[in-house]
Structure formats: structure tokens, C-alpha cells
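A.B. asks: Sharing a structure, written as C-alpha cells. Questions coming.
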Amino acid sequence: MQIHLGLSEASLPDQTRLFGACDGKLVDLNLAYAAYLSQTGDTGAYEQAAFYFPQTIAKFLERGEQSLRALEQTASFISKTGVGKLRGPAGEKLTYTPGEIRILPPFQNPEKSFVIGFSDRARVEAMPQAEIPSGFYKLPQTFVTNGAPVIWPKFAEEVDADACLALVIGKAGKRIEQAQAWNHIAGVTLLIDITARDINRREGLTNNNLLGKNFPSSTCLGPAVLLKPARKELETLEIELAVEGSLQQKFSLRDCVFSVEQIVARWSILGIKPGDLLAIGASMALKGDRLQNSAPLKIGSTVRCSSPAIGELSHRVVAPGGLRR
Amino acid sequence: MKLATYLYQRQERLGAIDAAGRMVDLHEAYASYLRAIDANPSADELSRLTLGRDMVEFLKRGDKALAAARKGLAHANAAQDREVLTLDPKDIRLMAPVPRPGALVSAGKNFSDHVAEMASKQGPSSPVAFLKLPGTVIGPRDDIPHPPEVKNLDYEVELAIVIGKPCVDVSQDLALDYVAGYAAFNDISARDVIRGENKSGIHLMGKSFPGFAPMGPYLITADEIPNPQNLKLNLSVNGEKRQESSLNYMIFKIPEIIAYWSQMGLHPGDVLTTGTPRGVAAGRKPDQPAWWLKPGDVVEAEVENVGRLRNRIVAE
């Protein structure tokens with residue numbers, strides 16, 4: 001199931017809720033579960049629903065297997081009842097059209113949000129001999145989701161985009177063996193890594209990666225988390241990136257230089273937690289015998305990253321200061 | 001004012017140090033002040049609302065929270081029931097004043113003597129920094145775990161600059177106005193891990209193992225440090241002096257690094273560090289192996305007039 005983090009019209013900014021995508025509608029999972037429980041005669045329906053479907057996807061994942069079971073029960077309740085007939089225990093509205101919900105980046109403040117990658121300098125020579133999946137950190141303050149403008153950073157001359165598939169960690173662990181890696185993955189979401197390439201090149205001279213990768217709106221994340229896909233499905237998911245409708249990148253995990261097992265084993269050395277993100281980029285994926293290139297952007301370009309099972313991120317690149325709120 | 005974050009009965013609390021050097025619980029002190037002026041029945045709630053739940057929230061609330069903290073502290077200093085508002089040091093454990101910064105921007109290659117000892121070709125043409133993961137931050141007396149993966153564990157004494165206001169594209173002239181305060185900082189580094197990562201062109205893990213960022217002991221508010229650029233800093237391992245210098249020797253000065261990194265947008269509670277002078281183990285010749293940190297070592301990093309960190313290395 002695709003899970004979204006969002007706000008309905010009546011919600012205060014910190015009252016985020018989880019929504020499941022069903023038949024083109026978004027269903028408030030907390031209320032749907034409460035409806036299911038109250039139908040079975042459970043008296044503490046609202047409290048239980050608030051526990052199993054808390055305010056964030058990261059907290060939901062922290063609850064572990066029990067939350068996933070509650071999600072399965074909710075999903076079968078929704079399909080039995082029919083999306084059109086769903087109501088909360090007290091008759092509350094719980095089905096929305098996508099336009100009624102303000103969708104947010106699925107993770108607001110992960111402790112770890114890494115993109116696995118090479119620096120420009122290393123991209124040419126490192127690929128054949130790279131031993132470890134190195135990575136860089138994308139600050140949560142840079143996150144935006146589908147529909148938000150990407151603001152051209154005024155300090156940059158060149159800006160480009162890379163499509164990434166972000167592995168969502170569902171179970172905490174440290175120094176995880178490769179054989180156990182898949183047990184720690186709860187799902188996937190899309191990430192576009194926006195780079196100020198001229199700055200990145202300069203920072204690369206000292207093996208750093210900060211300003212060129214971390215400016216407002218430099219990380220497009222979402223729109224939903226695809227929960228618990230089968231491993232085979234995950235490995236064959238195709239991710240595409242297009243600029244102005246023209247396909248620039250296309251990859252699946254099968255094409256990547258490093259395996260999911262290698263990446264989880266490596267970065268879990270630091271300890272990983274539910275809601276952490278390990279993103280694997282198209283620039284780590286092969287096209288023939290070469291790594292894929294980043295897609296250059298211009299002011300006015302629209303960049304889209306999509307994978308049918310996860311959804312689409314679409315962003316227009318706007319001039320600095322051109323954003324009116 | 002010396003602001004602090006500490007654990008009391010397993011709860012994270014905000015504090016300030018009173019005239020007698022004791023920890024005052026800021027929420028309690030301000031609530032007590034509110035009750036004293038008009039017997040306010042909502043004093044506890046109002047105190048929480050005004051000060052915020054943690055240091056980042058406190059800093060986001062800006063001048064209003066700072067004024068409330070000063071009132072609470074003055075009230076505690078004058079109070080008859082002072083014992084009620086201060087805590088026995090035995091009962092508390094100091095955390096870093098900002099235990100979870102939004103961003104931890106750590107300068108590299110920012111002292112020419114350190115650039116030389118690291119055998120870098122030349123100083124950089126613009127400020128260099130990397131991100132340490134916010135989760136690496138630990139308290140001023142906490143142990144630093146020595147990860148089994150690491151062979152060359154090193155230290156770097158620095159000044160931590162804590163941002164107090166939203167800070168975007170500011171000029172050098174105004175940069176210091178955005179600083180909430182200062183703390184001592186030790187940028188613990190796994191040199192061998194960094195070397196391995198650099199083959200792919202980027203390093204991150206070598207600076208970001210858990211516990212690699214001791215900070216504190218307090219956040220000294222900026223009004224008490226009029227000339228941060230003149231601060232002296234030093235570091236010793238097991239009592240042996242390894243680093244000793246002054247922030248005057250920074251290549252990019254404090255206002256320059258704030259102005260430069262404000263291009264990415266800085267927020268209250270973000271932390272910038274200054275970079276370190278010479279004297280790190282990585283630059284030591286010829287007895288380098290003896291200088292790497294090992295379990296049992298005690299490393300003390302001090303910024304004069306700001307504070308001293310004392311952390312023990314323990315095998316993980």
C-alpha cells in the first residue's frame with residue numbers, strides 16, 4: 001500500500017495524519033482503523049487507532065509488526081466496505097480526493113538521510129575499483145514534496161537533478177549483516193537529489209559535499225511510501241527522471257553498482273532507525289558500461305521523477321526570489 | 001548567561017547556572033517568578049509555552065524566551081526558596097547545550113598551521129565545511145565510544161557557534177547578530193575511515209560515528225563573549241598538551257563562515273564550528289601511533305572563557 005503523510009483542511013500544521021491510497025482516493029488510516037475496531041465492538045477504538053496510526057510514518061514504523069498488521073486489517077476493511085461508503089465511528093469523513101489533502105514529505109526529520117554516491121571527480125575513476133558505498137547527508141530542512149517549486153540557488157551557475165530510490169528503514173539495528181539487511185527495510189520512496197554542480201565540483205576538491213547539495217528545496221521526497229513490497233518487486237521497480245518530458249534517467253536496483261545488502265551493512269555501522277533513508281541514485285546505476293549522467297536543469301524547467309508503484313514527483317524550477325507566498 | 005541542557009530523573013531539562021554556580025531549572029524558576037508576581041494559576045503551562053520544550057525550541061522563541069530565562073534566573077538568585085529551584089550536581093547529568101542541532105556544519109582546513117600539518121597543498125579559496133550528523137552530539141563529560149572499525153581516532157578542539165535567529169544571506173558585518181552563544185567543541189575524527197571514503201570522493205562516516213561531537217558544557221550567551229575571534233583554545237590527552245592556539249589564526253574568520261554558510265539558510269539551533277589548529281594526531285611525526293586516541297584516554301578540549309570538555313575514550 002502507498003502511505004502518504006498529509007494535512008487535511010482542518011488540521012493545524014503539526015497535526016499530520018497518515019493516508020492510504022485506495023481506488024484513487026486518500027483514506028485517513030487512523031479513522032478507518034477506528035471504524036473497523038468499533039464495528040467489532042471495541043470500546044477503546046480511538047485510542048488504539050491513535051497508537052497504531054500515529055502522527056508520522058516514522059512513528060508508525062517504530063510500532064513494528066503490530067502496526068503493519070493493523071494496516072492489513074484496515075486495508076481489508078476498506079475493500080470490504082468500499083471506499084465510497086467509509087465513515088468514522090461517529091460518522092466522520094475519512095475519504096478524500098487527492099486535491100483535498102496537503103501532502104507533505106513522508107519524513108520530516110529523519111536522523112539519517114543519506115544519498116549513496118560518488119563525487120564528480122571520483123565518478124570517472126572510482127566506479128571500477130570502488131570498494132565501499134560512500135554517501136552524503138541531505139539535511140531534512142532541504143526536503144520538499146510533489147508540486148513544490150525547486151528554487152534555483154542564487155549562488156549557482158549550474159543545477160542538475162538525479163533520480164533516487166530511497167530505502168526506508170523500518171527496524172532499528174547496528175552493524176547489520178548482509179544476510180539480514182532486507183529485514184530492516186520497510187519500503188521505498190522517491191527522492192530527487194538536486195545539485196548545484198559548480199559548487200559541488202569546487203567542494204569536491206576537498207572531498208566535501210555540503211552547500212552544493214543542501215540548499216532549500218534541494219531534496220524532493222515522496223510523494224508516498226510504498227510499504228513492504230516483495231523483494232523481487234523492489235528490485236525490478238523502474239525509476240525514471242524526465243526534464244521537460246524528455247527521459248533523462250532510467251534505472252532499477254538491479255543496475256546499481258552496490259547491492260541493497262552492501263549499502264545497509266555499510267551504513268548501519270552508525271546505527272539505523274525506523275524512518276531513516278538510504279537513497280540510491282541513478283548516478284550509481286549503470287547504463288551499458290557507464291554510470292548515468294545527472295540531468296541539467298534550467299529556470300522554468302519541469303523535472304519529474306516517477307515509478308508507477310510509488311507515484312510521481314513533479315517540480316518546476318523557479319528563479320531565486322521568484323517565489324511569492 | 002550560561003544555559004544548559006541536562007538530564008534530571010531521566011528527563012531532559014533546560015537550565016541556567018546561578019550566581020553560586022548551581023544549576024537552576026529554567027521552567028521551574030520562570031514559573032516560580034510568574035507565581036510570585038501575580039499568583040498566576042497557569043504559571044507552569046505559561047512557563048513551558050514561553051521557554052519551549054528543549055534548547056532548539058527555546059532558541060526559536062528568540063528574545064522573548066531569553067528575557068523569560070533571565071527573569072527566572074534573577075528570581076532564583078534572589079529567592080528565599082532558592083534550594084527548591086537549584087539542583088544538586090549529583091542528581092543531574094549534563095548534556096550538550098544543543099543536544100540535537102538541526103544542522104551541524106563543521107569547518108575544515110581553517111587554520112593555516114593545521115592545513116600544513118595535514119600536508120594539504122594550500123588553504124582553500126572559500127570556506128570548507130562538512131556536515132556531521134546531529135546524532136553524533138554528546139555531553140561535556142560523556143564517554144566517546146571507540147568503534148571497532150576505527151584504527152586512527154583523532155581529536156580537534158574547536159569553538160561551536162550556535163545560531164539564534166533565522167539567518168539567510170547575511171553580510172559579514174551583521175553576522176554576529178545571529179549568534180545565540182558559544183560552546184566548546186571536539187570534532188572527533190576517524191582518519192582511516194575518512195581516507196577510505198575519500199577514494200570515492202566524499203567523506204561522511206569518518207566524522208559521524210555516535211559520540212563524535214562532544215559539546216558544552218554550557219551555551220554561553222553571545223553578550224558575554226564580545227570578541228569571540230580572540231578566544232584561545234587548547235586540548236590535552238591524559239594531561240599532555242597537544243593543541244594550543246587562538247581563533248585569531250582562523251583563515252576564514254567567524255563572521256565570514258557565518259555569512260558564507262548562511263547561503264544555505266541557517267536556523268535557530270544550527271551549529272557552526274570554527275575548524276581546528278595544529279596539533280592533531282594525524283599531523284604528528286614521527287611517533288604518530290602513540291598519539292591516536294585509544295580506550296582509557298581522557299581528552300580535554302577547552303575554549304578559554306567558554307568552557308572545557310572532558311571525555312573518556314571507551315571501547316565500543
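In the C-alpha cells, chains take the letters A, B, ... in the order shown, each chain's residues start at 1, and ligands count up from 1 in the order shown.
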For chain B versus chain A, which residues have an atom no more than 7 Å away, and what is each residue's nearest atom pair and distance in Å rounded to one decimal, using only C-alpha atoms, chain-then-number order, as CSV?
C.D. replies:
residue,atom,partner,partner_atom,distance
B:Ala129,CA,A:Asn208,CA,7.0
B:Phe130,CA,A:Leu210,CA,5.9
B:Leu131,CA,A:Leu210,CA,6.8
B:Gly135,CA,A:Glu111,CA,6.7
B:Glu197,CA,A:Ser134,CA,6.0
B:Asn198,CA,A:Asn207,CA,6.2
B:Lys199,CA,A:Ala126,CA,7.0
B:Ser200,CA,A:Ala122,CA,5.3
B:Gly201,CA,A:Ser119,CA,4.7
B:Ile202,CA,A:Asn207,CA,4.7
B:His203,CA,A:Asn207,CA,6.4
B:Leu204,CA,A:Phe136,CA,6.1
B:Phe209,CA,A:Leu270,CA,5.6
B:Pro210,CA,A:Leu270,CA,6.6
B:Met264,CA,A:Phe215,CA,4.6
B:Gly265,CA,A:Phe215,CA,6.9
A.B. asks: Where does segment 180-282 of chain B meet segment 34-55 of chain B within 12 Å, residue by residue, with the nearest atom pair and distance in Å to one decimal for each, counting only C-alpha atoms, listed by chain and rising number, as a tab-separated table?
C.D. replies:
residue	atom	partner	partner_atom	distance
B:Ala180	CA	B:Met55	CA	11.0
B:Gly181	CA	B:Met55	CA	11.9
B:Tyr218	CA	B:Met55	CA	11.3
B:Leu219	CA	B:Met55	CA	9.7
B:Pro268	CA	B:Met55	CA	9.4
B:Gly269	CA	B:Met55	CA	7.3
B:Asp270	CA	B:Met55	CA	10.8
A.B. asks: Write out, as a PDB file, in the first residue's frame, the residues just selected, with N, CA and C atoms.
C.D. replies:
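Produced file part18.pdb, reproduced below:
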ATOM      1  N   ALA B 180      23.448  33.039  18.951  1.00  0.00           N
ATOM      2  CA  ALA B 180      22.843  32.961  20.282  1.00  0.00           C
ATOM      3  C   ALA B 180      23.924  32.829  21.345  1.00  0.00           C
ATOM      4  N   GLY B 181      24.975  32.073  21.018  1.00  0.00           N
ATOM      5  CA  GLY B 181      26.027  31.877  22.000  1.00  0.00           C
ATOM      6  C   GLY B 181      27.071  30.884  21.525  1.00  0.00           C
ATOM      7  N   TYR B 218      28.337  24.470  28.593  1.00  0.00           N
ATOM      8  CA  TYR B 218      27.163  25.333  28.576  1.00  0.00           C
ATOM      9  C   TYR B 218      27.110  26.101  27.264  1.00  0.00           C
ATOM     10  N   LEU B 219      25.960  26.685  27.001  1.00  0.00           N
ATOM     11  CA  LEU B 219      25.851  27.666  25.926  1.00  0.00           C
ATOM     12  C   LEU B 219      26.058  29.032  26.579  1.00  0.00           C
ATOM     13  N   PRO B 268      17.626  28.737  13.909  1.00  0.00           N
ATOM     14  CA  PRO B 268      17.966  28.714  15.329  1.00  0.00           C
ATOM     15  C   PRO B 268      18.278  27.288  15.772  1.00  0.00           C
ATOM     16  N   GLY B 269      19.374  27.137  16.494  1.00  0.00           N
ATOM     17  CA  GLY B 269      19.773  25.806  16.942  1.00  0.00           C
ATOM     18  C   GLY B 269      20.729  25.106  15.998  1.00  0.00           C
ATOM     19  N   ASP B 270      20.964  25.664  14.816  1.00  0.00           N
ATOM     20  CA  ASP B 270      22.024  25.127  13.965  1.00  0.00           C
ATOM     21  C   ASP B 270      23.368  25.511  14.595  1.00  0.00           C
TER      22      ASP B 270
END
A.B. asks: Measure the distance from atom CA of Leu221 of chain A to atom CA of Asp23 of chain A in Å and round it to one decimal.
C.D. replies: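 Taking atom CA of Leu221 of chain A and atom CA of Asp23 of chain A, their separation equals 22.8 Å.
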A.B. asks: Just give me the gap between atom CA of Ile310 of chain A and atom CA of Pro223 of chain A in Å, one decimal is fine.
C.D. replies: 7.4 Å
A.B. asks: Using DSSP on the backbone coordinates, identify the residues of segment 89-304 of chain A assigned to strand (DSSP E or B); present them as a ChimeraX atom specification.
C.D. replies: /A:95-96,102-104,113-116,135-137,143-144,150-151,159-169,173,185-196,219-227,239-243,246-251,256,272,277-281,285-287,290-291,295-297,302-304
A.B. asks: Counting only C-alpha atoms, which residue out of B:Leu309, B:Thr221, B:Ala281, B:Ser189 sits closest to Asp63 of chain B?
C.D. replies: B:Thr221
A.B. asks: Could you pull the residues within 12 Å of Met118 of chain B, counting only C-alpha atoms, minus those fewer than 6 positions along the same chain, as a list of chain:residue names?
C.D. replies: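 Using only C-alpha atoms, the neighbours found are B:Gly108, B:Lys109, B:Asn110, B:Phe111, B:Ser112, B:Arg191, B:Thr276, B:Pro277, B:Arg278, B:Gly279, B:Val280, B:Ala281, B:Ala282, B:Gly283, B:Arg284, B:Lys285.
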A.B. asks: Leaving out Arg175 of chain A and any residue of its chain fewer than 4 positions from it, which residues lie within 12 Å of it when counting only C-alpha atoms, given as a compact mmCIF listing (two decimals) with N, CA and C atoms, in the first residue's frame?
C.D. replies:
# COMPACT_ATOMS: atom_id res chain seq x y z
N ALA A 179 23.18 -10.65 5.22
CA ALA A 179 22.10 -11.64 5.14
C ALA A 179 20.82 -11.15 5.82
N GLN A 180 20.96 -10.20 6.76
CA GLN A 180 19.79 -9.71 7.50
C GLN A 180 19.25 -8.39 6.93
N ALA A 181 19.93 -7.84 5.94
CA ALA A 181 19.65 -6.47 5.51
C ALA A 181 18.18 -6.23 5.16
N HIS A 184 15.35 -5.16 7.55
CA HIS A 184 15.33 -3.81 8.13
C HIS A 184 14.70 -2.78 7.19
N GLU A 261 22.11 -4.99 0.10
CA GLU A 261 22.77 -5.63 1.25
C GLU A 261 24.05 -4.90 1.63
N GLN A 262 24.84 -4.55 0.60
CA GLN A 262 26.11 -3.86 0.88
C GLN A 262 25.85 -2.49 1.52
N ILE A 263 24.83 -1.80 1.01
CA ILE A 263 24.55 -0.45 1.49
C ILE A 263 24.04 -0.48 2.93
N VAL A 264 23.13 -1.39 3.22
CA VAL A 264 22.60 -1.48 4.58
C VAL A 264 23.71 -1.92 5.55
N ALA A 265 24.52 -2.88 5.13
CA ALA A 265 25.59 -3.36 6.01
C ALA A 265 26.55 -2.21 6.31
N ARG A 266 26.89 -1.45 5.29
CA ARG A 266 27.86 -0.37 5.47
C ARG A 266 27.31 0.73 6.39
N TRP A 267 26.14 1.27 6.07
CA TRP A 267 25.68 2.46 6.79
C TRP A 267 25.06 2.14 8.14
N SER A 268 24.69 0.87 8.34
CA SER A 268 24.18 0.51 9.66
C SER A 268 25.31 0.44 10.68
N ILE A 269 26.54 0.57 10.26
CA ILE A 269 27.65 0.67 11.21
C ILE A 269 27.37 1.82 12.19
N LEU A 270 26.76 2.90 11.68
CA LEU A 270 26.46 4.05 12.54
C LEU A 270 25.18 3.84 13.36
N GLY A 271 24.46 2.76 13.07
CA GLY A 271 23.14 2.56 13.69
C GLY A 271 22.07 3.18 12.82
N ILE A 272 21.00 2.43 12.54
CA ILE A 272 19.89 2.98 11.76
C ILE A 272 18.59 2.77 12.53
N PRO B 147 34.89 3.04 18.01
CA PRO B 147 34.28 1.97 17.21
C PRO B 147 35.32 0.93 16.82
N PRO B 148 34.92 -0.33 16.77
CA PRO B 148 35.88 -1.38 16.41
C PRO B 148 36.42 -1.23 14.99
N GLU B 149 35.66 -0.51 14.12
CA GLU B 149 36.11 -0.34 12.74
C GLU B 149 37.27 0.65 12.61
A.B. asks: Go through A:Lys25, A:Arg197, A:Arg304, A:Arg102 one by one, measure the shortest atom-to-atom distance of each to Gly6 of chain A using only C-alpha atoms, and give the residue with the smallest value.
C.D. replies: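 Smallest separation from Gly6 of chain A among the options: A:Arg102.
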A.B. asks: Residues of segment 126-261 of chain A in helix (DSSP H, G or I) according to DSSP, as a ChimeraX atom specification?
C.D. replies: /A:126-129,140-142,178-184,197-204,231-236,253-255,260-261
A.B. asks: Could you take the residues named above and write them with N, CA and C atoms, as a compact mmCIF listing (two decimals), in the first residue's frame?
C.D. replies:
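Here's the written file out14.txt:
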# COMPACT_ATOMS: atom_id res chain seq x y z
N ALA A 126 36.45 6.08 -10.00
CA ALA A 126 36.16 5.25 -8.82
C ALA A 126 35.34 4.02 -9.15
N MET A 127 34.50 4.13 -10.16
CA MET A 127 33.49 3.11 -10.39
C MET A 127 34.07 1.70 -10.46
N PRO A 128 35.11 1.49 -11.26
CA PRO A 128 35.58 0.11 -11.35
C PRO A 128 36.19 -0.39 -10.05
N GLN A 129 36.82 0.50 -9.26
CA GLN A 129 37.56 -0.01 -8.11
C GLN A 129 36.94 0.38 -6.76
N PRO A 140 17.37 17.42 6.53
CA PRO A 140 15.90 17.42 6.47
C PRO A 140 15.32 18.79 6.14
N GLN A 141 16.03 19.86 6.49
CA GLN A 141 15.49 21.19 6.19
C GLN A 141 15.45 21.49 4.69
N THR A 142 16.05 20.62 3.88
CA THR A 142 16.01 20.84 2.43
C THR A 142 14.84 20.12 1.76
N GLN A 178 24.90 -8.59 6.00
CA GLN A 178 24.24 -8.51 4.69
C GLN A 178 23.05 -9.46 4.62
N ALA A 179 23.18 -10.65 5.22
CA ALA A 179 22.10 -11.64 5.14
C ALA A 179 20.82 -11.15 5.82
N GLN A 180 20.96 -10.20 6.76
CA GLN A 180 19.79 -9.71 7.50
C GLN A 180 19.25 -8.39 6.93
N ALA A 181 19.93 -7.84 5.94
CA ALA A 181 19.65 -6.47 5.51
C ALA A 181 18.18 -6.23 5.16
N TRP A 182 17.59 -7.18 4.43
CA TRP A 182 16.22 -6.96 3.95
C TRP A 182 15.20 -6.87 5.08
N ASN A 183 15.50 -7.50 6.21
CA ASN A 183 14.57 -7.44 7.35
C ASN A 183 14.42 -6.03 7.90
N HIS A 184 15.35 -5.16 7.55
CA HIS A 184 15.33 -3.81 8.13
C HIS A 184 14.70 -2.78 7.19
N ARG A 197 25.89 22.14 -9.29
CA ARG A 197 27.03 21.35 -9.75
C ARG A 197 28.34 22.12 -9.70
N ASP A 198 28.31 23.41 -10.00
CA ASP A 198 29.58 24.16 -9.97
C ASP A 198 30.11 24.26 -8.54
N ILE A 199 29.21 24.43 -7.59
CA ILE A 199 29.62 24.49 -6.18
C ILE A 199 30.12 23.12 -5.74
N ASN A 200 29.38 22.08 -6.15
CA ASN A 200 29.71 20.71 -5.79
C ASN A 200 31.11 20.33 -6.29
N ARG A 201 31.42 20.79 -7.51
CA ARG A 201 32.73 20.48 -8.08
C ARG A 201 33.83 21.12 -7.23
N ARG A 202 33.60 22.38 -6.83
CA ARG A 202 34.59 23.07 -6.01
C ARG A 202 34.74 22.39 -4.65
N GLU A 203 33.59 22.03 -4.05
CA GLU A 203 33.66 21.36 -2.74
C GLU A 203 34.32 19.99 -2.85
N GLY A 204 34.17 19.36 -4.01
CA GLY A 204 34.76 18.04 -4.23
C GLY A 204 36.28 18.06 -4.15
N ARG A 231 10.58 -8.41 -2.26
CA ARG A 231 11.94 -8.09 -2.68
C ARG A 231 12.08 -8.09 -4.20
N LYS A 232 11.46 -9.06 -4.83
CA LYS A 232 11.56 -9.17 -6.29
C LYS A 232 10.95 -7.94 -6.95
N GLU A 233 9.79 -7.49 -6.39
CA GLU A 233 9.14 -6.30 -6.94
C GLU A 233 10.05 -5.09 -6.79
N LEU A 234 10.68 -5.00 -5.62
CA LEU A 234 11.54 -3.86 -5.33
C LEU A 234 12.73 -3.81 -6.28
N GLU A 235 13.30 -4.97 -6.55
CA GLU A 235 14.50 -4.99 -7.39
C GLU A 235 14.20 -4.65 -8.84
N THR A 236 12.95 -4.83 -9.23
CA THR A 236 12.64 -4.57 -10.63
C THR A 236 11.86 -3.27 -10.84
N LEU A 253 17.05 -1.16 -9.19
CA LEU A 253 18.11 -1.56 -8.25
C LEU A 253 19.07 -2.59 -8.86
N ARG A 254 18.56 -3.36 -9.84
CA ARG A 254 19.42 -4.36 -10.48
C ARG A 254 20.62 -3.75 -11.17
N ASP A 255 20.47 -2.46 -11.60
CA ASP A 255 21.54 -1.83 -12.38
C ASP A 255 22.61 -1.20 -11.50
N VAL A 260 21.70 -3.59 -2.26
CA VAL A 260 21.00 -3.16 -1.05
C VAL A 260 21.69 -3.73 0.19
N GLU A 261 22.11 -4.99 0.10
CA GLU A 261 22.77 -5.63 1.25
C GLU A 261 24.05 -4.90 1.63
A.B. asks: Tell me which of A:Phe251, A:Phe107, A:Phe77, A:Tyr96 sits closest to Asp162 of chain A, counting only C-alpha atoms.
C.D. replies: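 When distances to Asp162 of chain A are compared using only C-alpha atoms, the smallest one comes from A:Phe251.
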A.B. asks: Please, what distance in Å, to one decimal, runs between atom CA of Asn230 of chain B and atom CA of Leu159 of chain B?
C.D. replies: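 It comes out at 11.4 Å.
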A.B. asks: Would you kindly return, as an NGL selection string, each protein, DNA or RNA residue with an atom no farther than 12 Å from any atom of Asp154 of chain B, considering only C-alpha atoms and excluding same-chain residues fewer than 5 positions away?
C.D. replies: :B and (144 or 146 or 186-194 or 206-207 or 212-213 or 235-237 or 242 or 276 or 279-284 or 288-294 or 297 or 299 or 313)
A.B. asks: Can you pull out the residues contacting segment 48-52 of chain A? Cut-off 6 Å, using only C-alpha atoms, and skip same-chain residues under 2 positions away; I want them as a list in words.
C.D. replies: Asn30, Tyr33, Ala34, Ala45, Tyr46, Pro54 and Ser67 of chain A
A.B. asks: Given the choices A:Cys305, A:Ala242, A:Ala224, A:Ala35, which gets closest to Glu47 of chain A if the distance is worked out from only C-alpha atoms?
C.D. replies: A:Ala35
